Every structure is written in structure tokens, then in C-alpha cells.
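For reference, protein-v2.cif (mmCIF, C-alpha atoms):
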```cif
data_final
#
loop_
_atom_site.group_PDB
_atom_site.id
_atom_site.type_symbol
_atom_site.label_atom_id
_atom_site.label_comp_id
_atom_site.auth_asym_id
_atom_site.auth_seq_id
_atom_site.Cartn_x
_atom_site.Cartn_y
_atom_site.Cartn_z
ATOM 1 C CA MET A 1 35.376 -1.464 -3.027
ATOM 2 C CA LYS A 2 34.434 -5.122 -2.629
ATOM 3 C CA ASN A 3 35.390 -6.872 0.601
ATOM 4 C CA LEU A 4 36.708 -10.110 -0.833
ATOM 5 C CA LYS A 5 38.461 -10.979 2.447
ATOM 6 C CA LEU A 6 35.108 -11.164 4.202
ATOM 7 C CA LYS A 7 33.603 -13.236 1.417
ATOM 8 C CA ALA A 8 36.562 -15.628 1.499
ATOM 9 C CA ALA A 9 36.461 -15.933 5.287
ATOM 10 C CA ARG A 10 32.746 -16.659 5.176
ATOM 11 C CA ALA A 11 33.232 -19.267 2.469
ATOM 12 C CA ALA A 12 36.073 -20.844 4.462
ATOM 13 C CA LYS A 13 33.690 -21.268 7.387
ATOM 14 C CA ASP A 14 31.134 -22.723 4.958
ATOM 15 C CA LEU A 15 28.548 -20.126 5.933
ATOM 16 C CA SER A 16 25.941 -18.566 3.701
ATOM 17 C CA GLN A 17 25.215 -14.837 3.889
ATOM 18 C CA GLU A 18 21.963 -15.684 5.652
ATOM 19 C CA GLN A 19 23.732 -17.791 8.288
ATOM 20 C CA LEU A 20 26.374 -15.141 8.938
ATOM 21 C CA ALA A 21 23.641 -12.517 9.156
ATOM 22 C CA GLN A 22 21.842 -14.570 11.804
ATOM 23 C CA LEU A 23 25.033 -14.951 13.808
ATOM 24 C CA CYS A 24 25.575 -11.181 13.727
ATOM 25 C CA HIS A 25 21.873 -10.275 14.233
ATOM 26 C CA VAL A 26 21.634 -8.305 11.004
ATOM 27 C CA SER A 27 19.793 -8.818 7.725
ATOM 28 C CA ARG A 28 21.281 -10.862 4.862
ATOM 29 C CA GLN A 29 21.145 -7.723 2.732
ATOM 30 C CA THR A 30 23.491 -5.951 5.136
ATOM 31 C CA ILE A 31 26.108 -8.712 4.856
ATOM 32 C CA ASN A 32 25.654 -8.630 1.087
ATOM 33 C CA ALA A 33 26.114 -4.838 1.038
ATOM 34 C CA ILE A 34 29.300 -5.092 3.146
ATOM 35 C CA GLU A 35 30.757 -7.759 0.844
ATOM 36 C CA LYS A 36 29.903 -5.682 -2.212
ATOM 37 C CA GLY A 37 31.431 -2.593 -0.612
ATOM 38 C CA ASP A 38 28.139 -0.703 -0.695
ATOM 39 C CA TYR A 39 27.990 -0.207 3.072
ATOM 40 C CA ASN A 40 30.589 0.676 5.697
ATOM 41 C CA PRO A 41 29.670 -1.178 8.895
ATOM 42 C CA THR A 42 30.080 0.304 12.365
ATOM 43 C CA ILE A 43 32.857 -0.999 14.578
ATOM 44 C CA ASN A 44 30.298 -2.981 16.606
ATOM 45 C CA LEU A 45 29.145 -4.869 13.545
ATOM 46 C CA CYS A 46 32.746 -5.397 12.375
ATOM 47 C CA ILE A 47 33.545 -6.964 15.760
ATOM 48 C CA ALA A 48 30.417 -9.148 15.595
ATOM 49 C CA ILE A 49 31.427 -10.373 12.131
ATOM 50 C CA CYS A 50 35.006 -11.027 13.272
ATOM 51 C CA LYS A 51 33.769 -13.039 16.261
ATOM 52 C CA ALA A 52 31.399 -15.044 14.078
ATOM 53 C CA LEU A 53 34.186 -15.863 11.614
ATOM 54 C CA ASP A 54 37.004 -16.257 14.204
ATOM 55 C CA ARG A 55 39.082 -13.596 12.505
ATOM 56 C CA THR A 56 40.631 -10.306 13.598
ATOM 57 C CA LEU A 57 39.579 -6.842 12.445
ATOM 58 C CA ASP A 58 42.871 -6.500 10.594
ATOM 59 C CA GLU A 59 42.323 -9.713 8.697
ATOM 60 C CA LEU A 60 38.885 -8.746 7.454
ATOM 61 C CA PHE A 61 38.716 -4.968 7.319
ATOM 62 C CA TRP A 62 42.219 -3.582 6.946
ATOM 63 C CA ASP A 63 43.381 -2.620 3.472
ATOM 64 C CA ASP A 64 47.130 -2.523 2.854
ATOM 65 C CA MET B 65 -17.764 -5.534 46.037
ATOM 66 C CA THR B 66 -16.869 -8.839 47.702
ATOM 67 C CA THR B 67 -13.335 -9.997 48.413
ATOM 68 C CA GLY B 68 -13.752 -12.784 45.844
ATOM 69 C CA SER B 69 -14.723 -10.438 43.037
ATOM 70 C CA VAL B 70 -11.841 -8.095 43.909
ATOM 71 C CA MET B 71 -9.451 -11.040 43.713
ATOM 72 C CA ALA B 72 -10.936 -12.167 40.393
ATOM 73 C CA LEU B 73 -10.628 -8.632 39.036
ATOM 74 C CA GLY B 74 -7.034 -8.497 40.256
ATOM 75 C CA ILE B 75 -6.214 -11.790 38.535
ATOM 76 C CA ILE B 76 -7.797 -10.620 35.272
ATOM 77 C CA VAL B 77 -5.885 -7.319 35.374
ATOM 78 C CA GLY B 78 -2.689 -9.239 36.183
ATOM 79 C CA ILE B 79 -3.192 -11.575 33.223
ATOM 80 C CA MET B 80 -3.914 -8.600 30.945
ATOM 81 C CA ILE B 81 -0.730 -6.793 32.060
ATOM 82 C CA ALA B 82 1.335 -9.969 31.632
ATOM 83 C CA ALA B 83 -0.151 -10.579 28.170
ATOM 84 C CA PHE B 84 0.541 -6.970 27.186
ATOM 85 C CA CYS B 85 4.162 -7.194 28.358
ATOM 86 C CA LEU B 86 4.736 -10.514 26.567
ATOM 87 C CA THR B 87 3.216 -9.397 23.258
ATOM 88 C CA ARG B 88 5.093 -6.095 23.496
ATOM 89 C CA LYS B 89 8.396 -7.933 23.925
ATOM 90 C CA LYS B 90 7.541 -10.238 21.022
ATOM 91 C CA ARG B 91 6.582 -7.297 18.823
ATOM 92 C CA LYS B 92 9.830 -5.540 19.705
ATOM 93 C CA GLU B 93 11.783 -8.620 18.650
ATOM 94 C CA GLU B 94 9.794 -8.894 15.422
ATOM 95 C CA CYS B 95 10.398 -5.258 14.476
ATOM 96 C CA GLU B 96 14.140 -5.234 14.894
ATOM 97 C CA TYR B 97 16.095 -3.390 12.235
ATOM 98 C CA ASP B 98 19.863 -3.519 11.869
ATOM 99 C CA GLU B 99 22.159 -0.507 11.626
ATOM 100 C CA MET B 100 22.138 -0.305 7.820
ATOM 101 C CA GLN B 101 18.357 -0.506 7.706
ATOM 102 C CA LEU B 102 17.995 2.205 10.363
ATOM 103 C CA LYS B 103 20.288 4.469 8.359
ATOM 104 C CA ILE B 104 18.262 3.866 5.192
ATOM 105 C CA ARG B 105 14.982 4.410 7.051
ATOM 106 C CA ALA B 106 16.282 7.736 8.377
ATOM 107 C CA LYS B 107 17.067 8.759 4.804
ATOM 108 C CA GLY B 108 13.601 7.509 3.796
ATOM 109 C CA TYR B 109 11.937 9.716 6.425
ATOM 110 C CA GLN B 110 13.942 12.658 5.111
ATOM 111 C CA ILE B 111 12.923 11.994 1.501
ATOM 112 C CA GLY B 112 9.274 11.550 2.556
ATOM 113 C CA PHE B 113 9.352 14.803 4.504
ATOM 114 C CA PHE B 114 10.845 16.794 1.634
ATOM 115 C CA THR B 115 8.392 15.211 -0.808
ATOM 116 C CA ALA B 116 5.516 16.406 1.383
ATOM 117 C CA LEU B 117 7.066 19.842 1.656
ATOM 118 C CA ALA B 118 7.547 20.151 -2.119
ATOM 119 C CA LEU B 119 4.029 18.910 -2.861
ATOM 120 C CA LEU B 120 2.501 21.318 -0.322
ATOM 121 C CA ILE B 121 4.344 24.247 -1.906
ATOM 122 C CA VAL B 122 3.093 23.182 -5.344
ATOM 123 C CA LEU B 123 -0.449 22.808 -3.963
ATOM 124 C CA VAL B 124 -0.433 26.278 -2.403
ATOM 125 C CA PHE B 125 0.823 27.718 -5.702
ATOM 126 C CA LEU B 126 -1.864 25.869 -7.705
ATOM 127 C CA TYR B 127 -4.672 26.931 -5.372
ATOM 128 C CA GLU B 128 -3.481 30.528 -5.260
ATOM 129 C CA MET B 129 -3.467 30.591 -9.066
ATOM 130 C CA ASN B 130 -6.871 28.853 -9.227
ATOM 131 C CA LEU B 131 -5.343 26.135 -11.394
ATOM 132 C CA LEU B 132 -6.507 23.191 -9.289
ATOM 133 C CA THR B 133 -10.268 23.407 -9.133
ATOM 134 C CA ILE B 134 -11.097 19.731 -9.637
ATOM 135 C CA VAL B 135 -9.703 18.596 -6.261
ATOM 136 C CA THR B 136 -10.887 19.829 -2.854
ATOM 137 C CA PRO B 137 -8.129 21.247 -0.591
ATOM 138 C CA GLY B 138 -8.938 18.645 2.080
ATOM 139 C CA PHE B 139 -8.430 15.746 -0.289
ATOM 140 C CA ALA B 140 -5.314 17.349 -1.747
ATOM 141 C CA ALA B 141 -3.749 17.579 1.732
ATOM 142 C CA TYR B 142 -4.687 13.948 2.388
ATOM 143 C CA ALA B 143 -3.167 12.935 -0.942
ATOM 144 C CA VAL B 144 0.102 14.662 -0.027
ATOM 145 C CA LEU B 145 0.227 12.697 3.225
ATOM 146 C CA ILE B 146 -0.439 9.362 1.526
ATOM 147 C CA ILE B 147 2.024 10.093 -1.277
ATOM 148 C CA CYS B 148 4.857 10.930 1.136
ATOM 149 C CA VAL B 149 4.204 7.712 3.089
ATOM 150 C CA THR B 150 4.231 5.786 -0.200
ATOM 151 C CA VAL B 151 7.517 7.408 -1.203
ATOM 152 C CA PHE B 152 9.004 6.408 2.160
ATOM 153 C CA ALA B 153 7.772 2.827 1.811
ATOM 154 C CA ILE B 154 9.036 2.453 -1.763
ATOM 155 C CA TYR B 155 12.435 3.910 -0.864
ATOM 156 C CA CYS B 156 12.765 1.493 2.075
ATOM 157 C CA ILE B 157 11.645 -1.501 0.004
ATOM 158 C CA LEU B 158 14.118 -0.705 -2.784
ATOM 159 C CA HIS B 159 16.951 -0.403 -0.257
ATOM 160 C CA ASP B 160 16.020 -3.510 1.797
ATOM 161 C CA ALA B 161 14.960 -1.564 4.874
ATOM 162 C CA PHE B 162 11.207 -2.134 4.799
ATOM 163 C CA LEU B 163 11.148 -5.576 6.363
ATOM 164 C CA SER B 164 12.750 -6.094 9.752
ATOM 165 C CA ILE B 165 15.550 -8.633 10.226
ATOM 166 C CA SER B 166 13.107 -11.468 10.818
ATOM 167 C CA GLY B 167 10.382 -9.904 8.678
ATOM 168 C CA ASN B 168 8.431 -12.032 6.245
ATOM 169 C CA ALA B 169 7.711 -10.574 2.804
ATOM 170 C CA LYS B 170 4.917 -13.069 2.142
ATOM 171 C CA SER B 171 2.642 -11.727 4.890
ATOM 172 C CA TYR B 172 3.108 -8.180 3.572
ATOM 173 C CA LEU B 173 2.400 -9.369 0.024
ATOM 174 C CA VAL B 174 -0.856 -10.956 1.165
ATOM 175 C CA ILE B 175 -1.942 -7.883 3.169
ATOM 176 C CA PHE B 176 -1.073 -5.421 0.393
ATOM 177 C CA SER B 177 -2.772 -7.607 -2.248
ATOM 178 C CA LEU B 178 -5.901 -7.640 -0.117
ATOM 179 C CA VAL B 179 -5.820 -3.853 0.342
ATOM 180 C CA VAL B 180 -5.240 -3.313 -3.399
ATOM 181 C CA PHE B 181 -8.130 -5.621 -4.252
ATOM 182 C CA VAL B 182 -10.573 -4.001 -1.801
ATOM 183 C CA GLU B 183 -9.591 -0.407 -2.643
ATOM 184 C CA GLY B 184 -9.614 -1.187 -6.362
ATOM 185 C CA PHE B 185 -13.064 -2.718 -6.096
ATOM 186 C CA VAL B 186 -14.424 0.311 -4.200
ATOM 187 C CA ALA B 187 -12.753 2.762 -6.621
ATOM 188 C CA VAL B 188 -14.162 1.002 -9.698
ATOM 189 C CA ARG B 189 -17.611 0.761 -8.082
ATOM 190 C CA ASP B 190 -17.541 4.492 -7.289
ATOM 191 C CA ALA B 191 -16.432 5.307 -10.833
ATOM 192 C CA VAL B 192 -19.154 3.134 -12.378
ATOM 193 C CA ASN B 193 -21.842 4.611 -10.107
ATOM 194 C CA GLY B 194 -20.614 8.124 -10.818
ATOM 195 C CA ASN B 195 -19.688 8.790 -7.177
ATOM 196 C CA LEU B 196 -16.097 9.756 -7.906
ATOM 197 C CA LEU B 197 -16.873 13.469 -8.188
ATOM 198 C CA GLU B 198 -19.090 15.664 -6.053
ATOM 199 C CA ASN B 199 -20.144 18.969 -7.600
ATOM 200 C CA GLY B 200 -17.440 18.496 -10.185
ATOM 201 C CA GLN B 201 -14.732 18.093 -7.543
ATOM 202 C CA LEU B 202 -12.759 15.087 -6.376
ATOM 203 C CA THR B 203 -13.504 14.805 -2.650
ATOM 204 C CA PHE B 204 -12.200 12.577 0.130
ATOM 205 C CA GLY B 205 -15.139 10.176 -0.178
ATOM 206 C CA GLY B 206 -14.702 9.607 -3.893
ATOM 207 C CA GLY B 207 -10.961 10.004 -4.293
ATOM 208 C CA ALA B 208 -9.560 8.216 -1.235
ATOM 209 C CA PRO B 209 -10.142 4.634 -2.460
ATOM 210 C CA ALA B 210 -8.673 5.438 -5.877
ATOM 211 C CA LEU B 211 -5.627 7.101 -4.321
ATOM 212 C CA MET B 212 -5.136 4.252 -1.857
ATOM 213 C CA PHE B 213 -5.451 1.770 -4.721
ATOM 214 C CA VAL B 214 -2.768 3.511 -6.776
ATOM 215 C CA CYS B 215 -0.384 3.945 -3.816
ATOM 216 C CA PHE B 216 -0.761 0.403 -2.487
ATOM 217 C CA LEU B 217 -0.451 -0.979 -6.013
ATOM 218 C CA ALA B 218 2.841 0.911 -6.402
ATOM 219 C CA ILE B 219 4.062 -0.452 -3.053
ATOM 220 C CA LEU B 220 2.922 -3.984 -3.934
ATOM 221 C CA ILE B 221 4.674 -3.950 -7.328
ATOM 222 C CA THR B 222 7.872 -2.631 -5.725
ATOM 223 C CA LEU B 223 7.703 -5.320 -3.038
ATOM 224 C CA ILE B 224 7.176 -8.073 -5.636
ATOM 225 C CA VAL B 225 10.097 -6.834 -7.763
ATOM 226 C CA ARG B 226 12.339 -6.513 -4.702
ATOM 227 C CA THR B 227 11.354 -9.979 -3.402
ATOM 228 C CA ILE B 228 12.230 -11.554 -6.760
ATOM 229 C CA ARG B 229 15.560 -9.695 -6.900
ATOM 230 C CA THR B 230 16.361 -10.653 -3.288
ATOM 231 C CA GLY B 231 15.614 -14.292 -4.104
ATOM 232 C CA LYS B 232 18.016 -14.178 -7.066
ATOM 233 C CA GLU B 233 20.712 -12.561 -4.915
ATOM 234 C CA ALA B 234 20.312 -15.259 -2.264
ATOM 235 C CA GLU B 235 20.702 -17.966 -4.916
ATOM 236 C CA GLU B 236 23.939 -16.377 -6.128
#
```
Would you mind giving the structure from this file in C-alpha cells?
Amino acid sequence: MKNLKLKAARAAKDLSQEQLAQLCHVSRQTINAIEKGDYNPTINLCIAICKALDRTLDELFWDD
Amino acid sequence: MTTGSVMALGIIVGIMIAAFCLTRKKRKEECEYDEMQLKIRAKGYQIGFFTALALLIVLVFLYEMNLLTIVTPGFAAYAVLIICVTVFAIYCILHDAFLSISGNAKSYLVIFSLVVFVEGFVAVRDAVNGNLLENGQLTFGGGAPALMFVCFLAILITLIVRTIRTGKEAEE
């Protein structure tokens, strides 16, 4: 399932996938895979993404 | 040995150790893979291993049945090794786990193109000169360049396709 919340949060911060990837020390392909729902990140990477985007885990990774 | 030469030797050894440590740290940074890539690479190793296993079983069967007389057992074992490495590389390239986080595809493209060109040249030269077979059998000397050419060509094509697709994804 696509993670549109992450994509929206990244766009709100005006960051490209490459820039977010650099902030989280991962490859651009990994960010792309997370946004497309092809990869489930570990909690460490989720936290790194949340810190980079100034969001909480709930806001980005919790499905209601 | 004089005190001066001992000191000079000590300085040289010290510089060598420092240079080794610095380049090692740099190399470590260059070859950093993220968690998704490590997971894919682990799967790649598994696929490569099972490919080798399957090919070895087939080889044993073919040799036991005397069906594979054109290739020497030594070259066949070498071919299995190269093929399983190629399978691993292609799997990693297709799943974006071949290049490290800061890896540059261009340098790999140049290196692989060079290897393909050199191996291709040697393979064609051997074929033209009739050195491909020895006593009617494909040996290591004759077959290795041709095999390397085919495998590196496959890796190069995959890398080119993946680089183009990655570029399109980045644009989107």
C-alpha cells in the first residue's frame, strides 16, 4: 500500500527523494520503495525519516 | 643499523599504517549499504548459492551420463562459479542494491565496458585463430574469455537498463 502521508510530508518540506535519502543516510531507491509501499522500513529508519520531516511516527506510518 | 635509519624506517611504517587506516575508513564510507539494500543482497547471495547448487547437480548428472563431453570438468566448475556471481550481480542491480548509497553508476559502466571490450576482443581472437577448443574440448584457456565476455555483457546491459530506469524515476 502506498505511503501517501510520507510523500505529502516530504513535498510539504519541499524535499526531493534524493534529499530526504541523504538526510536519512539511505539510498533514494529506498525512500522511493517506502513511498510506493514496496518496502517496510525498520523502526530506526522510520524514526530517522520522522526526524528529517519533523513529524511523528503516528503521522507518517500509522494507518487508521 | 644506525639510529637514523631506524627512525626513518619507523616514520615510513607509521605513514603506511596511517595511509592504510585512512583509505580503509574512506572505503568503508564508500561501500555503505542501507537496510533495504542489505536485505536484497542477502536474498541475492541466497539465489546465487542455489543457482550454483542447481548447476552443479546438473553438471554431475551430465558428466555421469557422458552427455557433456565438449567441456572440461575444470572449466565447467569455473563457469558455475562465474554464472552464480553474475546471477547475484544482476539480481542486485535489478533491485537497486548493487551500488552503495554514494555509489556512482558511471564508474561501474566504464569499468564493465572496458572488461567487455577486452574479453570480447580476446574471445574473438581465440575463435578466429582456432584456439577456442583443445582436443575438441572447451578448456579454461579458450572458454574463460568468452564466458567472461557473455557474463559481463549481461551485467553491463542490466546496469545500463537500470540506470536509465532510475533516471526516469528520479525525474518523476
Compute the chain B side of the contact with chain A at 12 Å, counting only C-alpha atoms, and hand it back as an NGL selection string. :B and (93 or 96-104 or 157-168 or 226-227 or 229-231 or 233-236)
Selection under test: the PyMOL selection byres ((chain B and resi 179) around 10); residues as an mmCIF file with C-alpha atoms, in the frame of the given file:
```cif
data_model
loop_
_atom_site.group_PDB
_atom_site.id
_atom_site.type_symbol
_atom_site.label_atom_id
_atom_site.label_comp_id
_atom_site.auth_asym_id
_atom_site.auth_seq_id
_atom_site.Cartn_x
_atom_site.Cartn_y
_atom_site.Cartn_z
ATOM 1 C CA LEU B 173 2.400 -9.369 0.024
ATOM 2 C CA VAL B 174 -0.856 -10.956 1.165
ATOM 3 C CA ILE B 175 -1.942 -7.883 3.169
ATOM 4 C CA PHE B 176 -1.073 -5.421 0.393
ATOM 5 C CA SER B 177 -2.772 -7.607 -2.248
ATOM 6 C CA LEU B 178 -5.901 -7.640 -0.117
ATOM 7 C CA VAL B 180 -5.240 -3.313 -3.399
ATOM 8 C CA PHE B 181 -8.130 -5.621 -4.252
ATOM 9 C CA VAL B 182 -10.573 -4.001 -1.801
ATOM 10 C CA GLU B 183 -9.591 -0.407 -2.643
ATOM 11 C CA GLY B 184 -9.614 -1.187 -6.362
ATOM 12 C CA PHE B 185 -13.064 -2.718 -6.096
ATOM 13 C CA PRO B 209 -10.142 4.634 -2.460
ATOM 14 C CA MET B 212 -5.136 4.252 -1.857
ATOM 15 C CA PHE B 213 -5.451 1.770 -4.721
ATOM 16 C CA PHE B 216 -0.761 0.403 -2.487
ATOM 17 C CA LEU B 217 -0.451 -0.979 -6.013
ATOM 18 C CA LEU B 220 2.922 -3.984 -3.934
#
```
Using atom CA of B:Leu117 and atom CA of B:Met129 as the two end points, give the distance in Å to one decimal. 18.5 Å
Interatomic distance, atom CA of B:Leu119 to atom CA of B:Ala106 (Å, one decimal):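 Interatomic distance here is 20.0 Å.
The spacing separating atom CA of B:Ala143 from atom CA of B:Ile224 amounts to 23.9 Å.
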Given the file shown, enumerate the residues that the PyMOL selection byres ((chain A and resi 4-14) around 10) captures and present them as an NGL selection string. :A and (1-3 or 15-17 or 19-20 or 31-32 or 34-37 or 49-50 or 52-55 or 59-63)
Mind checking which residues fall within 7 Å of B:Gln201, counting all atoms listed in the file, ignoring those fewer than 2 positions away in the same chain, and posting them as a PyMOL selection string? chain B and resi 134-136+197-199+203
Using only C-alpha atoms, which of B:Val186, B:Gln110, B:Phe204, B:Ile219 sits nearest B:Ala140? B:Phe204
Because some atoms of stretch 42-60 of chain A are absent here, can you restore N, CA and C atoms and send them as a compact mmCIF listing (two decimals), in the coordinates of the input?
```txt
# COMPACT_ATOMS: atom_id res chain seq x y z
N THR A 42 29.54 -0.32 11.15
CA THR A 42 30.08 0.30 12.36
C THR A 42 31.08 -0.67 12.99
N ILE A 43 31.85 -0.15 13.93
CA ILE A 43 32.86 -1.00 14.58
C ILE A 43 32.19 -2.16 15.33
N ASN A 44 31.02 -1.91 15.88
CA ASN A 44 30.30 -2.98 16.61
C ASN A 44 29.96 -4.15 15.68
N LEU A 45 29.50 -3.81 14.49
CA LEU A 45 29.14 -4.87 13.54
C LEU A 45 30.41 -5.57 13.03
N CYS A 46 31.46 -4.79 12.80
CA CYS A 46 32.75 -5.40 12.38
C CYS A 46 33.21 -6.43 13.41
N ILE A 47 33.12 -6.05 14.68
CA ILE A 47 33.54 -6.96 15.76
C ILE A 47 32.65 -8.21 15.78
N ALA A 48 31.35 -8.00 15.61
CA ALA A 48 30.42 -9.15 15.60
C ALA A 48 30.75 -10.10 14.45
N ILE A 49 31.07 -9.54 13.29
CA ILE A 49 31.43 -10.37 12.13
C ILE A 49 32.73 -11.12 12.40
N CYS A 50 33.71 -10.40 12.96
CA CYS A 50 35.01 -11.03 13.27
C CYS A 50 34.83 -12.19 14.26
N LYS A 51 34.02 -11.98 15.27
CA LYS A 51 33.77 -13.04 16.26
C LYS A 51 33.08 -14.24 15.61
N ALA A 52 32.14 -13.96 14.73
CA ALA A 52 31.40 -15.04 14.08
C ALA A 52 32.31 -15.85 13.16
N LEU A 53 33.30 -15.18 12.57
CA LEU A 53 34.19 -15.86 11.61
C LEU A 53 35.54 -16.24 12.21
N ASP A 54 35.73 -15.98 13.51
CA ASP A 54 37.00 -16.26 14.20
C ASP A 54 38.19 -15.60 13.51
N ARG A 55 38.01 -14.37 13.14
CA ARG A 55 39.08 -13.60 12.50
C ARG A 55 39.28 -12.28 13.27
N THR A 56 40.39 -11.60 12.96
CA THR A 56 40.63 -10.31 13.60
C THR A 56 40.13 -9.19 12.68
N LEU A 57 40.02 -8.00 13.25
CA LEU A 57 39.58 -6.84 12.44
C LEU A 57 40.56 -6.58 11.31
N ASP A 58 41.84 -6.72 11.62
CA ASP A 58 42.87 -6.50 10.59
C ASP A 58 42.70 -7.45 9.42
N GLU A 59 42.43 -8.69 9.75
CA GLU A 59 42.32 -9.71 8.70
C GLU A 59 41.16 -9.45 7.75
N LEU A 60 40.09 -8.92 8.28
CA LEU A 60 38.88 -8.75 7.45
C LEU A 60 38.67 -7.33 6.92
```
